[in-house]
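A.B. asks: See coords_7.txt below, with compact mmCIF, C-alpha atoms.
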# COMPACT_ATOMS: atom_id res chain seq x y z
CA MET C 248 -19.07 -1.79 27.29
CA PHE C 249 -16.09 -2.93 29.35
CA LYS C 250 -17.32 -6.53 29.41
CA PHE C 251 -17.89 -6.43 25.66
CA ASN C 252 -14.36 -5.13 25.04
CA ALA C 253 -12.87 -7.74 27.36
CA PHE C 254 -14.83 -10.51 25.62
CA ASP C 255 -13.74 -9.21 22.20
CA GLY C 256 -10.11 -9.13 23.36
CA ARG C 257 -10.27 -12.73 24.60
CA CYS C 258 -11.81 -13.90 21.33
CA ARG C 259 -9.08 -12.16 19.38
CA GLN C 260 -6.37 -13.77 21.49
CA ARG C 261 -7.91 -17.20 21.01
CA LEU C 262 -8.16 -16.72 17.26
CA GLU C 263 -4.54 -15.58 17.09
CA ALA C 264 -3.46 -18.58 19.16
CA LEU C 265 -5.43 -20.94 16.89
CA PHE C 266 -3.94 -19.33 13.79
CA SER C 267 -0.44 -19.61 15.22
CA LEU C 268 -0.98 -23.28 16.07
CA ILE C 269 -2.21 -24.09 12.56
CA LEU C 270 0.65 -22.14 10.99
CA ILE C 271 3.32 -23.81 13.12
CA THR C 272 1.84 -27.24 12.39
CA GLY C 273 1.88 -26.49 8.67
CA CYS C 274 5.53 -25.40 8.87
CA LEU C 275 6.51 -28.68 10.56
CA PHE C 276 4.47 -30.61 7.99
CA ASN C 277 6.35 -28.98 5.10
CA ILE C 278 9.75 -29.47 6.71
CA VAL C 279 9.15 -33.22 7.10
CA LEU C 280 7.42 -33.94 3.78
CA SER C 281 9.55 -31.80 1.46
CA PRO C 282 11.52 -34.75 -0.05
CA TYR C 283 8.35 -36.77 -0.70
CA CYS C 284 6.55 -33.88 -2.38
CA MET C 285 9.55 -32.90 -4.51
CA CYS C 286 9.93 -36.51 -5.67
CA ALA C 287 6.26 -36.55 -6.58
CA MET C 288 6.84 -33.45 -8.70
CA GLU C 289 9.94 -34.97 -10.37
CA SER C 290 10.85 -38.60 -11.00
CA CYS C 291 13.76 -39.70 -8.79
CA HIS C 292 15.02 -42.61 -10.87
CA ASN C 293 18.46 -41.30 -11.82
CA GLN C 294 21.23 -39.68 -9.81
CA VAL C 295 21.06 -36.26 -11.50
CA THR C 296 17.36 -35.90 -10.80
CA ALA C 297 17.88 -36.97 -7.19
CA VAL C 298 20.42 -34.17 -6.73
CA LEU C 299 18.00 -31.66 -8.27
CA VAL C 300 15.27 -32.84 -5.91
CA GLN C 301 17.59 -32.20 -2.97
CA VAL C 302 18.19 -28.70 -4.27
CA ASN C 303 14.46 -28.11 -4.70
CA THR C 304 13.76 -29.13 -1.10
CA VAL C 305 15.91 -26.25 0.14
CA LEU C 306 13.32 -23.64 -0.83
CA PRO C 307 10.20 -25.02 0.94
CA ARG C 308 12.16 -26.00 4.02
CA THR C 309 13.83 -22.62 4.25
CA LEU C 310 10.50 -20.86 3.84
CA ALA C 311 8.91 -23.06 6.51
CA VAL C 312 11.72 -22.41 8.99
CA VAL C 313 11.59 -18.65 8.34
CA CYS C 314 7.82 -18.56 8.80
CA LEU C 315 8.05 -20.66 11.96
CA VAL C 316 10.72 -18.52 13.62
CA SER C 317 9.06 -15.27 12.55
CA ARG C 318 5.72 -16.35 13.97
CA VAL C 319 7.28 -17.39 17.26
CA LYS C 320 9.08 -14.06 17.48
CA THR C 321 5.83 -12.20 16.79
CA MET C 322 4.04 -14.21 19.46
CA LEU C 323 6.73 -13.31 21.99
CA HIS C 324 6.39 -9.61 21.15
CA ASN C 325 2.61 -9.85 21.50
CA ALA C 326 2.93 -11.59 24.84
CA SER C 327 5.35 -8.97 26.16
CA GLY C 328 3.18 -6.11 24.87
CA ALA C 329 5.94 -4.67 22.67
CA PHE C 330 3.61 -4.04 19.73
CA ARG C 331 1.01 -2.43 21.98
CA LYS C 332 3.63 -0.11 23.47
CA TYR C 333 4.81 0.93 20.02
CA GLU C 334 1.27 1.68 18.85
CA TYR C 335 0.54 3.60 22.04
CA ARG C 336 3.61 5.80 21.56
CA THR C 337 2.64 6.36 17.94
CA ARG C 338 -0.85 7.53 18.93
CA GLU C 339 0.58 9.80 21.63
CA TYR C 340 2.93 11.42 19.13
CA LYS C 341 0.17 11.94 16.57
CA THR C 342 -2.04 13.52 19.22
CA CYS C 343 0.39 16.42 19.61
CA PHE C 344 1.80 16.41 16.07
CA PRO C 345 -0.82 15.19 13.59
CA ASP C 346 0.50 13.99 10.26
CA GLU C 347 -0.90 12.60 7.08
CA VAL C 348 -1.47 8.88 6.92
CA GLY C 349 0.38 7.16 4.06
CA SER C 350 -2.65 5.07 3.10
CA VAL C 351 -2.02 5.51 -0.63
CA PHE C 352 1.54 4.24 -0.35
CA VAL C 353 0.53 1.25 1.78
CA ALA C 354 -2.35 0.42 -0.58
CA PHE C 355 0.07 0.51 -3.51
CA ILE C 356 2.50 -1.84 -1.75
CA VAL C 357 -0.26 -4.30 -0.82
CA SER C 358 -1.65 -4.20 -4.37
CA VAL C 359 1.70 -4.98 -5.98
CA TYR C 360 2.34 -7.77 -3.46
CA ALA C 361 -1.05 -9.29 -4.28
CA VAL C 362 -0.86 -8.87 -8.06
CA THR C 363 2.64 -10.37 -8.36
CA ILE C 364 2.03 -13.46 -6.21
CA LEU C 365 -1.63 -14.41 -5.67
CA PRO C 366 -2.72 -15.19 -9.28
CA THR C 367 0.50 -17.06 -10.04
CA ASN C 368 0.40 -19.22 -6.92
CA ALA C 369 -3.33 -19.90 -7.23
CA TYR C 370 -2.95 -21.05 -10.81
CA ARG C 371 0.01 -23.26 -9.94
CA VAL C 372 -1.94 -24.93 -7.12
CA TYR C 373 -4.68 -25.63 -9.65
CA MET C 374 -2.15 -27.15 -12.09
CA ILE C 375 -0.62 -29.30 -9.34
CA HIS C 376 -4.03 -30.58 -8.34
CA ARG C 377 -4.81 -31.32 -11.99
CA ASP C 378 -1.52 -32.93 -13.06
CA VAL C 379 -0.06 -34.57 -9.95
CA ARG C 380 -3.36 -35.73 -8.43
CA ASP C 381 -1.88 -36.18 -4.98
CA HIS C 382 -3.76 -34.48 -2.15
CA THR C 383 -0.68 -34.49 0.05
CA VAL C 384 1.33 -32.60 -2.57
CA THR C 385 -1.52 -30.13 -3.09
CA ALA C 386 -1.79 -29.48 0.65
CA PHE C 387 2.00 -29.09 0.80
CA PHE C 388 2.03 -26.31 -1.79
CA VAL C 389 -1.04 -24.59 -0.32
CA LEU C 390 0.72 -24.46 3.04
CA MET C 391 3.96 -23.27 1.44
CA TYR C 392 2.22 -20.38 -0.29
CA ALA C 393 0.31 -19.57 2.90
CA GLN C 394 3.63 -19.38 4.76
CA ASN C 395 4.93 -17.05 2.08
CA LEU C 396 1.87 -14.82 2.53
CA CYS C 397 2.47 -14.67 6.29
CA THR C 398 6.04 -13.58 5.65
CA CYS C 399 4.77 -10.95 3.21
CA SER C 400 2.29 -9.72 5.82
CA SER C 401 5.09 -9.13 8.31
CA GLU C 402 7.08 -7.24 5.68
CA ILE C 403 4.10 -5.03 4.80
CA HIS C 404 3.55 -4.14 8.45
CA TYR C 405 7.19 -3.17 8.74
CA VAL C 406 7.18 -1.09 5.56
CA ALA C 407 4.00 0.72 6.65
CA ARG C 408 5.48 1.61 10.04
CA CYS C 409 8.78 2.63 8.46
CA PHE C 410 6.94 4.90 6.02
CA GLY C 411 5.18 6.47 8.99
CA LEU C 412 8.57 7.36 10.45
CA TYR C 413 9.61 8.73 7.07
CA ARG C 414 6.60 11.05 7.08
CA ARG C 415 7.42 12.27 10.59
CA PHE C 416 11.02 13.06 9.66
CA CYS C 417 9.77 14.90 6.57
CA LEU C 418 7.41 17.06 8.64
CA ILE C 419 10.14 17.82 11.16
CA ASN C 420 12.47 18.84 8.34
CA GLU C 421 9.78 21.09 6.92
CA ASP C 422 9.50 22.87 10.26
CA VAL C 423 13.28 23.10 10.59
CA PHE C 424 13.46 24.53 7.07
CA ALA C 425 10.80 27.10 8.02
CA LEU C 426 12.93 27.96 11.03
CA LYS C 427 15.93 28.34 8.74
CA SER C 428 13.97 30.66 6.44
CA ALA C 429 12.94 32.76 9.43
CA THR C 430 16.58 32.96 10.53
CA VAL C 431 17.67 34.13 7.09
CA VAL C 432 14.96 36.80 7.09
CA ALA C 433 15.91 37.90 10.61
CA ASN C 434 19.56 38.29 9.59
CA ARG C 435 18.64 40.13 6.42
CA TYR C 436 16.26 42.64 8.00
CA PRO C 437 17.53 43.36 11.55
CA SER C 438 15.86 46.80 11.73
CA VAL C 439 12.45 45.21 11.30
CA LEU C 440 13.16 42.96 14.27
CA LEU C 441 14.21 45.88 16.44
CA GLN C 442 11.04 47.80 15.64
CA SER C 443 8.78 44.83 16.40
CA ALA C 444 10.57 43.23 19.34
CA GLY C 445 8.54 41.00 21.56
CA GLY C 446 6.84 39.31 18.64
CA ARG C 447 5.39 35.87 18.86
CA GLY C 448 7.95 33.06 18.40
CA TYR C 449 7.90 30.30 15.86
CA ASN C 450 5.49 27.52 16.75
CA GLY C 451 7.40 24.26 16.40
CA CYS C 452 4.44 22.09 17.45
CA ARG C 453 2.59 21.26 14.24
CA ARG C 454 -1.15 21.61 14.59
CA SER C 455 -2.02 21.64 10.92
CA ARG C 456 -0.33 21.57 7.55
CA LYS C 457 -1.03 25.30 7.09
CA THR C 458 1.12 26.34 10.06
CA SER C 459 4.29 25.03 8.40
CA ALA C 460 4.25 27.55 5.56
CA ALA C 461 7.42 29.53 4.96
CA PRO C 462 7.41 32.89 6.80
CA ARG C 463 6.87 36.12 4.90
CA VAL C 464 9.30 39.00 5.08
CA SER C 465 6.68 41.36 6.48
CA SER C 466 6.09 39.08 9.47
CA SER C 467 9.63 38.02 10.24
CA ALA C 468 9.36 39.09 13.85
CA GLU C 469 6.47 36.70 14.37
CA THR C 470 8.60 33.78 13.19
CA ARG C 471 11.79 34.73 14.95
CA PRO C 472 13.60 31.51 16.05
CA THR C 473 13.98 31.00 19.77
CA ALA C 474 15.54 28.37 22.00
CA ASN C 475 12.10 26.99 22.88
CA ASN C 476 11.29 26.41 19.22
CA VAL C 477 14.53 24.49 18.67
CA GLU C 478 14.02 22.51 21.86
CA LEU C 479 10.57 21.39 20.75
CA LEU C 480 11.89 20.30 17.37
CA ARG C 481 14.72 18.47 19.09
CA MET C 482 12.26 16.60 21.30
CA ARG C 483 10.17 15.62 18.29
CA HIS C 484 13.24 14.33 16.48
CA GLN C 485 14.28 12.38 19.56
CA CYS C 486 10.88 10.68 19.76
CA VAL C 487 11.11 9.55 16.14
CA ARG C 488 14.71 8.38 16.63
CA GLU C 489 13.59 6.22 19.52
CA ALA C 490 10.85 4.80 17.31
CA VAL C 491 13.55 3.73 14.82
CA GLY C 492 15.25 1.71 17.56
CA ASP C 493 11.93 0.18 18.61
CA LEU C 494 11.23 -0.83 15.02
CA ASN C 495 14.64 -2.51 14.78
CA ASP C 496 13.88 -4.50 17.93
CA LEU C 497 10.41 -5.52 16.77
CA TYR C 498 11.28 -6.61 13.23
CA GLY C 499 15.01 -7.30 13.28
CA VAL C 500 14.72 -11.10 13.27
CA GLN C 501 11.81 -11.18 10.83
CA LEU C 502 13.59 -8.92 8.35
CA LEU C 503 16.84 -10.85 8.57
CA LEU C 504 15.05 -14.11 7.80
CA SER C 505 12.88 -12.56 5.08
CA LEU C 506 15.84 -11.11 3.23
CA CYS C 507 17.72 -14.40 3.52
CA VAL C 508 14.82 -16.43 2.16
CA LEU C 509 14.37 -13.96 -0.71
CA CYS C 510 18.00 -14.54 -1.68
CA VAL C 511 17.60 -18.32 -1.44
CA MET C 512 14.44 -18.32 -3.55
CA THR C 513 16.09 -16.07 -6.13
CA VAL C 514 19.08 -18.42 -6.44
CA ILE C 515 16.94 -21.57 -6.71
CA ASP C 516 14.43 -20.15 -9.18
CA GLY C 517 17.15 -18.40 -11.17
CA TYR C 518 19.02 -21.68 -11.50
CA GLY C 519 15.88 -23.40 -12.72
CA GLU C 520 15.28 -20.72 -15.33
CA ILE C 521 18.80 -20.52 -16.71
CA PHE C 522 19.47 -24.27 -16.86
CA GLY C 523 15.97 -25.43 -17.73
CA VAL C 524 15.29 -27.33 -14.52
CA TYR C 525 11.50 -27.67 -14.46
CA THR C 526 9.13 -29.82 -12.45
CA LEU C 527 5.51 -30.68 -13.10
CA ALA C 528 2.99 -27.81 -13.15
CA GLN C 529 5.66 -25.22 -13.81
CA SER C 530 6.50 -22.86 -16.66
CA GLN C 531 8.68 -19.89 -17.46
CA VAL C 532 5.81 -17.50 -16.69
CA PHE C 533 5.80 -18.64 -13.07
CA LEU C 534 9.52 -18.11 -12.70
CA TYR C 535 9.44 -14.61 -14.16
CA ALA C 536 6.51 -13.67 -11.91
CA TRP C 537 8.29 -15.05 -8.84
CA LEU C 538 11.55 -13.31 -9.61
CA THR C 539 9.71 -10.02 -10.12
CA HIS C 540 7.94 -10.54 -6.80
CA TYR C 541 11.20 -11.25 -4.95
CA LEU C 542 12.88 -8.19 -6.45
CA PHE C 543 9.98 -5.93 -5.54
CA ARG C 544 9.87 -7.18 -1.94
CA PHE C 545 13.59 -6.75 -1.50
CA CYS C 546 13.70 -3.24 -3.00
CA THR C 547 10.62 -2.12 -1.07
CA ILE C 548 12.16 -3.03 2.27
CA VAL C 549 15.62 -1.65 1.56
CA LEU C 550 14.65 1.55 -0.25
CA THR C 551 11.98 2.51 2.29
CA THR C 552 14.51 2.30 5.09
CA HIS C 553 17.14 4.06 2.97
CA PHE C 554 15.01 7.14 2.29
CA THR C 555 13.83 7.24 5.90
CA THR C 556 17.44 7.30 7.09
CA LYS C 557 18.29 10.08 4.60
CA GLN C 558 15.44 12.20 5.93
CA ALA C 559 16.61 11.59 9.49
CA TYR C 560 20.15 12.82 8.75
CA ARG C 561 18.95 15.72 6.61
CA THR C 562 17.93 17.45 9.83
CA LYS C 563 21.61 17.65 10.79
CA THR C 564 22.41 19.67 7.65
CA LEU C 565 19.54 22.06 8.26
CA THR C 566 20.41 22.67 11.91
CA THR C 567 24.05 23.28 11.03
CA ASP C 568 23.03 25.85 8.43
CA ILE C 569 20.82 27.62 10.99
CA ASN C 570 23.60 27.60 13.56
CA ASN C 571 25.90 29.42 11.13
CA ARG C 572 23.58 32.42 11.24
CA HIS C 573 23.50 35.23 13.77
CA LEU C 574 21.42 34.05 16.76
CA ASP C 575 21.24 34.54 20.48
CA THR C 576 23.36 32.37 22.77
CA SER C 577 20.56 30.19 24.14
CA THR C 578 19.30 29.34 20.66
CA LYS C 579 22.81 28.42 19.51
CA GLU C 580 23.22 26.15 22.53
CA GLU C 581 19.99 24.34 21.67
CA LEU C 582 21.10 23.99 18.05
CA ASN C 583 24.45 22.57 19.15
CA LEU C 584 22.68 20.11 21.44
CA PHE C 585 20.32 19.17 18.60
CA SER C 586 23.21 18.52 16.20
CA ASN C 587 25.21 16.52 18.76
CA GLN C 588 22.25 14.29 19.51
CA ILE C 589 21.80 13.50 15.83
CA ILE C 590 25.51 12.74 15.42
CA HIS C 591 25.88 10.50 18.48
CA HIS C 592 22.63 8.54 18.10
CA SER C 593 22.28 5.96 15.36
CA MET C 594 19.24 6.30 13.12
CA GLU C 595 20.01 3.37 10.85
CA PHE C 596 17.73 0.42 10.23
CA THR C 597 19.45 -2.90 10.86
CA THR C 598 18.58 -6.59 10.93
CA CYS C 599 19.73 -7.71 14.37
CA ASP C 600 22.89 -5.63 13.78
CA PHE C 601 23.97 -8.06 11.03
CA PHE C 602 23.14 -5.82 8.07
CA THR C 603 22.47 -2.13 7.67
CA LEU C 604 19.56 -1.53 5.33
CA ASN C 605 20.56 1.12 2.79
CA ALA C 606 21.23 1.44 -0.93
CA HIS C 607 24.69 -0.16 -0.58
CA PHE C 608 23.05 -3.29 0.81
CA ILE C 609 21.46 -3.91 -2.60
CA THR C 610 24.82 -4.08 -4.39
CA SER C 611 26.28 -6.26 -1.64
CA THR C 612 23.36 -8.67 -1.94
CA ILE C 613 23.75 -8.89 -5.72
CA ALA C 614 27.39 -9.89 -5.24
CA ALA C 615 26.49 -12.46 -2.57
CA VAL C 616 23.67 -13.99 -4.65
CA THR C 617 25.97 -14.27 -7.65
CA THR C 618 28.60 -16.02 -5.54
CA TYR C 619 26.16 -18.57 -4.11
CA PHE C 620 24.66 -19.10 -7.54
CA ILE C 621 28.09 -20.16 -8.85
CA VAL C 622 28.57 -22.43 -5.83
CA LEU C 623 25.19 -24.07 -6.50
CA LEU C 624 26.11 -24.58 -10.14
CA GLN C 625 29.33 -26.34 -9.17
CA TYR C 626 27.49 -28.49 -6.61
CA VAL C 627 24.86 -29.70 -9.06
CA HIS C 628 27.30 -30.43 -11.86
Would you mind giving the structure from this file in structure tokens?
C.D. replies:
Amino acid sequence: MFKFNAFDGRCRQRLEALFSLILITGCLFNIVLSPYCMCAMESCHNQVTAVLVQVNTVLPRTLAVVCLVSRVKTMLHNASGAFRKYEYRTREYKTCFPDEVGSVFVAFIVSVYAVTILPTNAYRVYMIHRDVRDHTVTAFFVLMYAQNLCTCSSEIHYVARCFGLYRRFCLINEDVFALKSATVVANRYPSVLLQSAGGRGYNGCRRSRKTSAAPRVSSSAETRPTANNVELLRMRHQCVREAVGDLNDLYGVQLLLSLCVLCVMTVIDGYGEIFGVYTLAQSQVFLYAWLTHYLFRFCTIVLTTHFTTKQAYRTKTLTTDINNRHLDTSTKEELNLFSNQIIHHSMEFTTCDFFTLNAHFITSTIAAVTTYFIVLLQYVH
């Protein structure tokens, strides 16, 4: 069994190395041959068309550079074992605190990615092969769309892992809310607590979904909050906070480049739609499908991180509300420590500390894309 696993691991490494080599070669091929392929798609006889061809080469070259750098960064993380460490910590956490897998959400994201890009790109490759009749140009666009798919794959992996953190924060908040409900009951019915002192404390370690139900009034003593309960919740929250930092380190460069290339593609394709700049094997349907795809990718990344961050900081509100109730000294100390850790530790998703991914980033990007769109318009005219 050990030899079989070792052999399987070596085969996987070789396949990944071969895939990386082919992908990097394709990126270099597209960077070099972009002017030739764009000229083949559009006659370069006059000066205006030559300028438009230069503009059109920005998109495939940018996409090739982004795919190249992202793949190199992923290879470095694989070589250092960063991805394996992250997956190991995730499994260790789920062993003690099982949670539901967001397979439905991930399947929905993958489906929308596929529906908005695969049929459109496949049909355009067919039209290019039919109309241009140049095998070099066909290979160029096949490689360009393959590079786009690799970038999409990295984004999907990030969104899936980010949604996993969102689910963990939600489950922690459910347990903190149950602790808050128990505190309210304990403050409302103190005589019941005195009569049933020595009851079993609240179990902060989630073993099943049923254990997180809100406590009943008749069993308030069994759910009485203690310092150990708060400490366990604090440790769980700390583990997920550290996972946020690990995710920023693993995908910071890839996300920065992906968001930049989405903005570039939106500007180029938007310019072509508004001013009627078309090449061979292209129509308005393609542009609308591409713009929808770019918008969905951008919103998926930003909004997933935004709601995850909101869930992370919601714990601070819940712990503060609990701390305002009547509790013993040790429990209040744990709650204060819990709140201070949340305040003094960042739980924001960033792209190499250049941008913070939240809802405000969407409006900032709209303003930036509009500005560069006007600059491009002035350059072409």
A.B. asks: Just the number, please: distance in Å from CA of Asn303 (chain C) to CA of Val316 (chain C), one decimal.
C.D. replies: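 So the answer is 21.0 Å.
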A.B. asks: Just want the 10 Å neighbourhood of region 604-609 of chain C, counted on all atoms listed in the file, with same-chain residues fewer than 4 positions away dropped. Output as a list in words.
C.D. replies: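 Once the nearby chain positions are removed, what remains is Leu502, Phe545, Cys546, Ile548, Val549, Leu550, Thr551, Thr552, His553, Phe554, Thr555, Thr556, Lys557, Glu595, Phe596, Thr597, Thr598, Asp600, Ile613, Ala614 and Ala615 of chain C.
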A.B. asks: Record the distance separating CA of Val357 (chain C) and CA of Thr321 (chain C), expressed in Å with one decimal.
C.D. replies: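 Interatomic distance, CA of Val357 (chain C) to CA of Thr321 (chain C): 20.2 Å.
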A.B. asks: Looking at only C-alpha atoms, which of C:Val379, C:Val477, C:Phe585, C:Val511 is the one that sits closest to Val616 (chain C)?
C.D. replies: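 Residue with the minimum atom-to-atom distance to Val616 (chain C): C:Val511.
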A.B. asks: Give me, please, the distance in Å between CA of Phe387 (chain C) and CA of Cys284 (chain C), quoted to one decimal.
C.D. replies: 7.3 Å
A.B. asks: Go through C:Leu509, C:Ala433, C:Val491, C:Val423 one by one, measure the shortest atom-to-atom distance of each to Cys409 (chain C) using only C-alpha atoms, and give the residue with the smallest value.
C.D. replies: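 Among C:Leu509, C:Ala433, C:Val491, C:Val423, it is C:Val491 that comes nearest to Cys409 (chain C).
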A.B. asks: Which one of C:Arg544, C:Asn420, C:Met512, C:Thr363 sits closest to Ser400 (chain C) if you count all atoms listed in the file?
C.D. replies: C:Arg544
A.B. asks: Counting all atoms listed in the file, which of C:Leu506, C:Thr430, C:Gly517, C:Asn587 gets nearest to Arg572 (chain C)?
C.D. replies: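 Smallest distance to Arg572 (chain C) is found for C:Thr430.
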